[in-house]
file entry.cif (mmCIF, C-alpha atoms and all ligand atoms)
data_protein
loop_
_atom_site.group_PDB
_atom_site.id
_atom_site.type_symbol
_atom_site.label_atom_id
_atom_site.label_comp_id
_atom_site.auth_asym_id
_atom_site.auth_seq_id
_atom_site.Cartn_x
_atom_site.Cartn_y
_atom_site.Cartn_z
ATOM 1 C CA MET V 1 112.583 95.036 112.626
ATOM 2 C CA PRO V 2 110.315 92.263 111.421
ATOM 3 C CA GLU V 3 106.896 93.221 110.069
ATOM 4 C CA ARG V 4 105.225 90.715 112.378
ATOM 5 C CA PRO V 5 104.755 91.514 116.055
ATOM 6 C CA VAL V 6 107.462 90.233 118.399
ATOM 7 C CA ILE V 7 105.671 88.447 121.233
ATOM 8 C CA LEU V 8 107.253 87.820 124.612
ATOM 9 C CA THR V 9 105.863 84.907 126.598
ATOM 10 C CA GLY V 10 106.988 83.514 129.930
ATOM 11 C CA PHE V 11 106.034 82.978 133.513
ATOM 12 C CA MET V 12 105.281 85.841 135.919
ATOM 13 C CA GLY V 13 108.540 87.464 136.902
ATOM 14 C CA SER V 14 110.501 86.300 133.863
ATOM 15 C CA GLY V 15 111.081 89.913 132.801
ATOM 16 C CA LYS V 16 108.685 90.251 129.865
ATOM 17 C CA SER V 17 107.689 93.850 130.571
ATOM 18 C CA SER V 18 111.153 95.221 131.285
ATOM 19 C CA VAL V 19 112.784 93.351 128.392
ATOM 20 C CA GLY V 20 109.848 94.367 126.173
ATOM 21 C CA ARG V 21 110.312 98.033 127.020
ATOM 22 C CA LEU V 22 113.990 97.989 126.068
ATOM 23 C CA LEU V 23 113.398 95.869 122.974
ATOM 24 C CA ALA V 24 110.668 98.192 121.686
ATOM 25 C CA GLN V 25 112.956 101.140 122.269
ATOM 26 C CA SER V 26 115.794 99.476 120.345
ATOM 27 C CA LEU V 27 113.511 98.468 117.491
ATOM 28 C CA GLY V 28 111.784 101.853 117.407
ATOM 29 C CA CYS V 29 108.309 100.391 117.632
ATOM 30 C CA PRO V 30 105.475 100.518 120.154
ATOM 31 C CA LEU V 31 105.355 98.279 123.200
ATOM 32 C CA VAL V 32 102.000 96.690 123.918
ATOM 33 C CA ASP V 33 101.896 95.497 127.515
ATOM 34 C CA LEU V 34 98.922 93.159 127.446
ATOM 35 C CA ASP V 35 98.223 93.337 131.202
ATOM 36 C CA ALA V 36 98.112 97.142 130.984
ATOM 37 C CA VAL V 37 95.749 96.982 127.997
ATOM 38 C CA ILE V 38 93.473 94.605 129.927
ATOM 39 C CA VAL V 39 93.415 96.939 132.951
ATOM 40 C CA GLU V 40 92.658 99.906 130.713
ATOM 41 C CA THR V 41 89.911 98.050 128.834
ATOM 42 C CA ALA V 42 88.258 96.727 131.999
ATOM 43 C CA GLY V 43 88.692 99.979 133.899
ATOM 44 C CA LYS V 44 89.907 98.048 136.942
ATOM 45 C CA SER V 45 92.968 96.246 138.255
ATOM 46 C CA ILE V 46 93.786 92.620 137.486
ATOM 47 C CA ASN V 47 93.124 91.782 141.136
ATOM 48 C CA ALA V 48 89.663 93.364 140.856
ATOM 49 C CA ILE V 49 88.865 91.498 137.614
ATOM 50 C CA PHE V 50 89.806 88.162 139.214
ATOM 51 C CA ALA V 51 87.933 88.947 142.451
ATOM 52 C CA GLU V 52 84.758 90.404 140.956
ATOM 53 C CA GLU V 53 84.415 88.519 137.655
ATOM 54 C CA GLY V 54 86.586 85.430 138.081
ATOM 55 C CA GLU V 55 89.512 84.000 136.112
ATOM 56 C CA PRO V 56 87.449 82.865 133.079
ATOM 57 C CA ALA V 57 86.286 86.462 132.513
ATOM 58 C CA PHE V 58 89.896 87.630 132.789
ATOM 59 C CA ARG V 59 91.015 85.007 130.242
ATOM 60 C CA ALA V 60 88.272 86.041 127.798
ATOM 61 C CA LEU V 61 89.357 89.661 128.056
ATOM 62 C CA GLU V 62 92.996 88.617 127.679
ATOM 63 C CA SER V 63 92.203 86.731 124.444
ATOM 64 C CA ALA V 64 90.250 89.671 123.017
ATOM 65 C CA CYS V 65 93.074 92.107 123.851
ATOM 66 C CA LEU V 66 95.675 89.727 122.373
ATOM 67 C CA GLU V 67 93.744 89.486 119.129
ATOM 68 C CA ARG V 68 93.571 93.266 118.889
ATOM 69 C CA ALA V 69 97.257 93.676 119.744
ATOM 70 C CA LEU V 70 98.330 91.207 117.066
ATOM 71 C CA ALA V 71 96.230 92.911 114.419
ATOM 72 C CA GLY V 72 98.106 96.158 115.005
ATOM 73 C CA GLY V 73 101.273 95.351 112.991
ATOM 74 C CA ARG V 74 104.815 96.202 114.091
ATOM 75 C CA ALA V 75 105.077 96.070 117.855
ATOM 76 C CA VAL V 76 106.629 94.278 120.769
ATOM 77 C CA VAL V 77 103.855 92.546 122.692
ATOM 78 C CA ALA V 78 104.608 91.641 126.324
ATOM 79 C CA THR V 79 101.987 89.087 127.326
ATOM 80 C CA GLY V 80 100.761 87.939 130.738
ATOM 81 C CA GLY V 81 102.130 84.610 131.959
ATOM 82 C CA GLY V 82 98.861 82.774 131.397
ATOM 83 C CA VAL V 83 98.253 83.800 127.798
ATOM 84 C CA VAL V 84 99.632 80.467 126.595
ATOM 85 C CA ILE V 85 96.933 78.423 128.367
ATOM 86 C CA ALA V 86 94.287 78.876 125.659
ATOM 87 C CA GLU V 87 94.963 76.963 122.476
ATOM 88 C CA ALA V 88 93.323 79.716 120.397
ATOM 89 C CA ASN V 89 95.816 82.229 121.821
ATOM 90 C CA ARG V 90 98.739 79.933 121.053
ATOM 91 C CA GLN V 91 97.591 79.490 117.465
ATOM 92 C CA LEU V 92 97.046 83.198 117.034
ATOM 93 C CA MET V 93 100.525 84.001 118.351
ATOM 94 C CA ALA V 94 102.217 81.349 116.187
ATOM 95 C CA ARG V 95 100.381 82.507 113.099
ATOM 96 C CA HIS V 96 100.777 86.248 113.480
ATOM 97 C CA GLY V 97 103.956 86.833 115.409
ATOM 98 C CA ILE V 98 107.459 85.794 116.335
ATOM 99 C CA VAL V 99 107.183 84.077 119.700
ATOM 100 C CA ILE V 100 110.042 84.566 122.136
ATOM 101 C CA ASN V 101 109.851 82.670 125.403
ATOM 102 C CA LEU V 102 111.715 84.028 128.411
ATOM 103 C CA MET V 103 112.700 81.289 130.834
ATOM 104 C CA ALA V 104 113.519 81.774 134.485
ATOM 105 C CA SER V 105 114.184 79.229 137.211
ATOM 106 C CA LEU V 106 111.746 78.814 140.110
ATOM 107 C CA PRO V 107 114.115 80.421 142.674
ATOM 108 C CA ARG V 108 114.655 83.408 140.402
ATOM 109 C CA VAL V 109 110.910 83.800 139.789
ATOM 110 C CA LEU V 110 110.167 83.612 143.518
ATOM 111 C CA GLU V 111 112.855 86.188 144.180
ATOM 112 C CA ARG V 112 111.424 88.568 141.598
ATOM 113 C CA LEU V 113 107.832 88.116 142.756
ATOM 114 C CA ALA V 114 108.545 88.332 146.496
ATOM 115 C CA GLY V 115 106.031 90.635 148.143
ATOM 116 C CA ALA V 116 103.965 91.198 144.987
ATOM 117 C CA THR V 117 100.310 91.893 145.738
ATOM 118 C CA ASP V 118 99.133 92.656 142.218
ATOM 119 C CA ARG V 119 99.250 89.087 140.910
ATOM 120 C CA PRO V 120 96.234 87.058 142.031
ATOM 121 C CA LEU V 121 97.806 83.730 141.062
ATOM 122 C CA TYR V 122 100.893 84.442 143.128
ATOM 123 C CA ALA V 123 99.689 86.095 146.312
ATOM 124 C CA GLY V 124 98.577 83.823 149.149
ATOM 125 C CA GLN V 125 99.821 80.787 151.021
ATOM 126 C CA ASP V 126 102.492 78.298 149.942
ATOM 127 C CA GLU V 127 103.706 80.411 147.028
ATOM 128 C CA ALA V 128 106.704 78.242 146.209
ATOM 129 C CA GLU V 129 104.613 75.117 145.865
ATOM 130 C CA ARG V 130 101.820 76.725 143.859
ATOM 131 C CA VAL V 131 104.145 78.676 141.590
ATOM 132 C CA GLY V 132 106.303 75.607 141.000
ATOM 133 C CA ALA V 133 103.271 73.504 140.056
ATOM 134 C CA LEU V 134 101.903 76.197 137.742
ATOM 135 C CA MET V 135 105.272 76.600 136.027
ATOM 136 C CA ALA V 136 105.584 72.857 135.473
ATOM 137 C CA GLU V 137 102.038 72.654 134.133
ATOM 138 C CA ARG V 138 102.644 75.445 131.629
ATOM 139 C CA GLU V 139 106.037 74.267 130.417
ATOM 140 C CA GLN V 140 104.385 72.261 127.600
ATOM 141 C CA PHE V 141 103.042 75.573 126.227
ATOM 142 C CA TYR V 142 106.020 77.820 126.881
ATOM 143 C CA CYS V 143 108.319 75.442 125.038
ATOM 144 C CA VAL V 144 106.507 76.094 121.755
ATOM 145 C CA ALA V 145 108.318 79.229 120.645
ATOM 146 C CA ASP V 146 110.538 80.489 117.846
ATOM 147 C CA ILE V 147 113.287 80.876 120.415
ATOM 148 C CA ARG V 148 113.635 80.342 124.179
ATOM 149 C CA ILE V 149 115.977 82.491 126.189
ATOM 150 C CA ASP V 150 117.280 81.603 129.624
ATOM 151 C CA THR V 151 117.214 84.810 131.646
ATOM 152 C CA ASP V 152 118.858 83.536 134.847
ATOM 153 C CA GLY V 153 121.927 85.585 135.716
ATOM 154 C CA LYS V 154 121.381 87.937 132.783
ATOM 155 C CA SER V 155 120.524 91.615 132.818
ATOM 156 C CA VAL V 156 117.575 93.071 130.937
ATOM 157 C CA GLU V 157 120.129 94.502 128.482
ATOM 158 C CA ASP V 158 121.718 91.060 127.948
ATOM 159 C CA VAL V 159 118.359 89.453 127.216
ATOM 160 C CA ALA V 160 117.253 92.238 124.868
ATOM 161 C CA ALA V 161 120.587 92.027 123.011
ATOM 162 C CA GLU V 162 120.145 88.266 122.591
ATOM 163 C CA ILE V 163 116.685 88.790 121.127
ATOM 164 C CA LEU V 164 117.948 91.505 118.780
ATOM 165 C CA ARG V 165 120.657 89.138 117.503
ATOM 166 C CA PHE V 166 118.035 86.456 116.899
ATOM 167 C CA LEU V 167 115.769 88.874 115.019
ATOM 168 C CA LYS V 168 118.705 90.061 112.906
ATOM 169 C CA GLY V 169 119.354 86.466 111.942
ATOM 170 C CA LEU V 170 115.824 86.193 110.575
ATOM 171 C CA GLU V 171 116.390 88.993 108.095
ATOM 172 C CA PRO V 172 116.681 87.897 104.475
HETATM 173 C C1 LIG R 1 99.045 85.705 135.075
HETATM 174 C C2 LIG R 1 100.115 86.558 134.898
HETATM 175 C C3 LIG R 1 100.019 88.021 135.054
HETATM 176 C C4 LIG R 1 98.589 88.502 134.787
HETATM 177 C C5 LIG R 1 97.613 87.715 135.615
HETATM 178 C C6 LIG R 1 97.673 86.214 135.367
HETATM 179 C C7 LIG R 1 99.247 84.240 134.934
HETATM 180 O O1 LIG R 1 100.910 88.652 134.140
HETATM 181 O O2 LIG R 1 98.255 88.398 133.430
HETATM 182 O O3 LIG R 1 97.890 88.007 136.965
HETATM 183 O O4 LIG R 1 98.251 83.513 134.781
HETATM 184 O O5 LIG R 1 100.418 83.794 134.953
HETATM 185 P P1 LIG R 1 102.532 88.707 134.333
HETATM 186 O O6 LIG R 1 103.100 87.462 133.751
HETATM 187 O O7 LIG R 1 102.922 89.919 133.558
HETATM 188 O O8 LIG R 1 102.767 88.843 135.784
#

call {"tool": "encode", "arguments": {"input": "entry.cif", "output": "structure tokens", "more": "lines below"}}
Ligand code: S3P
result
Amino acid sequence: MPERPVILTGFMGSGKSSVGRLLAQSLGCPLVDLDAVIVETAGKSINAIFAEEGEPAFRALESACLERALAGGRAVVATGGGVVIAEANRQLMARHGIVINLMASLPRVLERLAGATDRPLYAGQDEAERVGALMAEREQFYCVADIRIDTDGKSVEDVAAEILRFLKGLEP
């Protein structure tokens, strides 16, 4: 297990939380699910934060929680899909952690998110179009990672095993 936090980035529905859970278990370290930390800190759901305070307030809270999570040492940190938008977050992650980007195709993402009501940037009209545009817009940020893993057609176990192999390869 590396001393630096292992950070999972990727679009909504790319499997960050489920892969993170298994990875943390395998590495014997805590899992920090950033969305859950944000909800706990704010005392309300992500939907409520977006609706009552707006996206900028959510992003500010997300950055503060990320900073705290990365200061905590050994951990697997599963981020929210939009954490990569802010340059300060990207720098923080590159400096303090090992960044692992989980990739998923648009059809796979739409399949995984179908019916979700807890993601304000997904729910609503014309999901496929909006999600596709958002994915394309963020690609420039997701591609900056220590490793990218294509998750299409792979189980959570497959993806976690691939990450573990990569981390093993980093050992001196
Ligand atoms: C967001 C992704 C969500 C959550 C929020 C915003 C985004 O996290 O942080 O709804 O901007 O892509 P997941 O990627 O865990 O769904």

call {"tool": "residues_around", "arguments": {"input": "entry.cif", "residues": "stretch 48-61 of chain V", "least_positions_apart": "3", "cutoff": "8 Å", "atoms": "all atoms listed in the file", "output": "JSON list (two decimals) with C-alpha atoms, in the coordinates of the input"}}
result
[["chain", "number", "residue", "atom", "x", "y", "z"],
["V", 38, "ILE", "CA", 93.47, 94.60, 129.93],
["V", 42, "ALA", "CA", 88.26, 96.73, 132.00],
["V", 44, "LYS", "CA", 89.91, 98.05, 136.94],
["V", 45, "SER", "CA", 92.97, 96.25, 138.26],
["V", 64, "ALA", "CA", 90.25, 89.67, 123.02],
["V", 65, "CYS", "CA", 93.07, 92.11, 123.85],
["V", 83, "VAL", "CA", 98.25, 83.80, 127.80],
["V", 120, "PRO", "CA", 96.23, 87.06, 142.03]]

call {"tool": "residues_around", "arguments": {"input": "entry.cif", "residues": "V:Gln140", "least_positions_apart": "5", "cutoff": "10 Å", "atoms": "only C-alpha atoms", "output": "list in words"}}
result
Val84, Ile85 and Met135 of chain V

call {"tool": "closest_residue", "arguments": {"input": "entry.cif", "among": "V:Pro30, V:Leu92, V:Gly13, V:Arg165", "to": "V:Pro107", "atoms": "all atoms listed in the file"}}
result
V:Gly13

call {"tool": "resolve_selection", "arguments": {"input": "entry.cif", "expression": "the PyMOL selection byres (((chain V and resi 167-172) around 8) and not hetatm)", "output": "number ranges by chain"}}
result
V: 1-2, 163-166

call {"tool": "closest_residue", "arguments": {"input": "entry.cif", "among": "V:Arg130, V:Arg4, V:Arg21, V:Lys154", "to": "V:Arg108", "atoms": "all atoms listed in the file"}}
result
V:Lys154

call {"tool": "closest_atom_pairs", "arguments": {"input": "entry.cif", "of": "chain V", "to": "ligand LIG 1 (chain R)", "cutoff": "6 Å", "atoms": "all atoms listed in the file", "output": "tab-separated table"}}
result
residue	atom	partner	partner_atom	distance
V:Phe11	CA	R:LIG1	O6	5.4
V:Met12	CA	R:LIG1	O6	3.5
V:Asp35	CA	R:LIG1	O2	5.4
V:Gly80	CA	R:LIG1	O1	3.5
V:Gly81	CA	R:LIG1	O6	3.5
V:Gly82	CA	R:LIG1	O4	3.5
V:Arg119	CA	R:LIG1	O3	4.3
V:Pro120	CA	R:LIG1	O3	5.4
V:Leu121	CA	R:LIG1	O3	5.9

call {"tool": "resolve_selection", "arguments": {"input": "entry.cif", "expression": "the PyMOL selection byres (((chain V and resi 68) around 12) and not hetatm)", "output": "list in words"}}
result
Pro5, Val32, Leu34, Val37, Ile38, Thr41, Leu61, Glu62, Ser63, Ala64, Cys65, Leu66, Glu67, Ala69, Leu70, Ala71, Gly72, Gly73, Ala75, Val77, Asn89, Leu92, Met93 and His96 of chain V

call {"tool": "atom_distance", "arguments": {"input": "entry.cif", "atom1": "atom CA of V:Val99", "atom2": "atom CA of V:Glu129"}}
result
27.8 Å

call {"tool": "atom_distance", "arguments": {"input": "entry.cif", "atom1": "atom CA of V:Tyr142", "atom2": "atom CA of V:Gly43"}}
result
29.0 Å

call {"tool": "atom_distance", "arguments": {"input": "entry.cif", "atom1": "atom CA of V:Ala116", "atom2": "atom CA of V:Arg90"}}
result
27.0 Å

call {"tool": "resolve_selection", "arguments": {"input": "entry.cif", "expression": "the PyMOL selection byres (((chain V and resi 157) around 12) and not hetatm)", "output": "MDAnalysis selection string"}}
result
chainID V and resid 15 18:23 25:26 151 153:156 158:164

call {"tool": "closest_residue", "arguments": {"input": "entry.cif", "among": "V:Ile7, V:Asp33, V:Val76, V:Ser14", "to": "V:Leu113", "atoms": "all atoms listed in the file"}}
result
V:Ser14

call {"tool": "axis_aligned_box", "arguments": {"input": "entry.cif", "around": "stretch 13-27 of chain V", "padding_each_side": "8 Å", "output": "JSON"}}
result
{"center_x": 111.7, "center_y": 93.7, "center_z": 127.2, "size_x": 24.1, "size_y": 30.8, "size_z": 35.4}

call {"tool": "closest_residue", "arguments": {"input": "entry.cif", "among": "V:Ile147, V:Glu127, V:Val39, V:Ala24", "to": "V:Gly115", "atoms": "all atoms listed in the file"}}
result
V:Glu127

call {"tool": "build_atoms", "arguments": {"input": "entry.cif", "residues": "stretch 142-167 of chain V", "atoms": "N, CA, C and O atoms", "output": "compact mmCIF listing (two decimals), in the coordinates of the input"}}
result
# COMPACT_ATOMS: atom_id res chain seq x y z
N TYR V 142 104.93 76.86 127.04
CA TYR V 142 106.02 77.82 126.88
C TYR V 142 107.08 77.31 125.91
O TYR V 142 107.75 78.08 125.25
N CYS V 143 107.22 75.98 125.86
CA CYS V 143 108.32 75.44 125.04
C CYS V 143 108.05 75.56 123.55
O CYS V 143 108.94 75.38 122.73
N VAL V 144 106.80 75.88 123.18
CA VAL V 144 106.51 76.09 121.76
C VAL V 144 106.76 77.57 121.45
O VAL V 144 105.93 78.42 121.75
N ALA V 145 107.94 77.84 120.91
CA ALA V 145 108.32 79.23 120.64
C ALA V 145 109.33 79.24 119.52
O ALA V 145 109.95 78.21 119.23
N ASP V 146 109.52 80.39 118.90
CA ASP V 146 110.54 80.49 117.85
C ASP V 146 111.93 80.47 118.46
O ASP V 146 112.88 80.00 117.85
N ILE V 147 112.02 80.98 119.67
CA ILE V 147 113.29 80.88 120.42
C ILE V 147 112.97 80.96 121.91
O ILE V 147 112.02 81.64 122.31
N ARG V 148 113.76 80.25 122.72
CA ARG V 148 113.64 80.34 124.18
C ARG V 148 114.93 80.94 124.71
O ARG V 148 116.02 80.55 124.28
N ILE V 149 114.80 81.84 125.64
CA ILE V 149 115.98 82.49 126.19
C ILE V 149 115.99 82.33 127.70
O ILE V 149 115.04 82.68 128.38
N ASP V 150 117.11 81.78 128.19
CA ASP V 150 117.28 81.60 129.62
C ASP V 150 117.71 82.95 130.20
O ASP V 150 118.72 83.50 129.79
N THR V 151 116.93 83.47 131.13
CA THR V 151 117.21 84.81 131.65
C THR V 151 117.99 84.79 132.96
O THR V 151 118.40 85.84 133.44
N ASP V 152 118.17 83.62 133.55
CA ASP V 152 118.86 83.54 134.85
C ASP V 152 120.27 84.13 134.75
O ASP V 152 121.03 83.78 133.84
N GLY V 153 120.58 85.00 135.67
CA GLY V 153 121.93 85.58 135.72
C GLY V 153 122.19 86.59 134.62
O GLY V 153 123.34 87.02 134.43
N LYS V 154 121.18 86.96 133.86
CA LYS V 154 121.38 87.94 132.78
C LYS V 154 120.64 89.22 133.10
O LYS V 154 119.57 89.20 133.71
N SER V 155 121.20 90.33 132.63
CA SER V 155 120.52 91.62 132.82
C SER V 155 119.46 91.78 131.73
O SER V 155 119.45 91.05 130.73
N VAL V 156 118.59 92.75 131.94
CA VAL V 156 117.58 93.07 130.94
C VAL V 156 118.26 93.40 129.60
O VAL V 156 117.82 92.97 128.53
N GLU V 157 119.38 94.11 129.70
CA GLU V 157 120.13 94.50 128.48
C GLU V 157 120.66 93.26 127.76
O GLU V 157 120.61 93.18 126.54
N ASP V 158 121.19 92.31 128.53
CA ASP V 158 121.72 91.06 127.95
C ASP V 158 120.61 90.33 127.18
O ASP V 158 120.82 89.87 126.05
N VAL V 159 119.46 90.22 127.82
CA VAL V 159 118.36 89.45 127.22
C VAL V 159 117.87 90.16 125.96
O VAL V 159 117.67 89.53 124.91
N ALA V 160 117.72 91.48 126.05
CA ALA V 160 117.25 92.24 124.87
C ALA V 160 118.26 92.10 123.72
O ALA V 160 117.87 91.92 122.56
N ALA V 161 119.55 92.14 124.05
CA ALA V 161 120.59 92.03 123.01
C ALA V 161 120.51 90.66 122.34
O ALA V 161 120.68 90.53 121.11
N GLU V 162 120.25 89.63 123.13
CA GLU V 162 120.14 88.27 122.59
C GLU V 162 118.96 88.18 121.62
O GLU V 162 119.06 87.57 120.56
N ILE V 163 117.87 88.80 121.99
CA ILE V 163 116.68 88.79 121.13
C ILE V 163 116.97 89.56 119.84
O ILE V 163 116.61 89.12 118.74
N LEU V 164 117.64 90.70 119.97
CA LEU V 164 117.95 91.50 118.78
C LEU V 164 118.83 90.72 117.80
O LEU V 164 118.62 90.77 116.59
N ARG V 165 119.78 89.96 118.36
CA ARG V 165 120.66 89.14 117.50
C ARG V 165 119.82 88.09 116.77
O ARG V 165 120.01 87.83 115.58
N PHE V 166 118.90 87.48 117.50
CA PHE V 166 118.04 86.46 116.90
C PHE V 166 117.20 87.08 115.77
O PHE V 166 117.10 86.52 114.68
N LEU V 167 116.63 88.23 116.03
CA LEU V 167 115.77 88.87 115.02
C LEU V 167 116.59 89.26 113.78
O LEU V 167 116.12 89.16 112.65
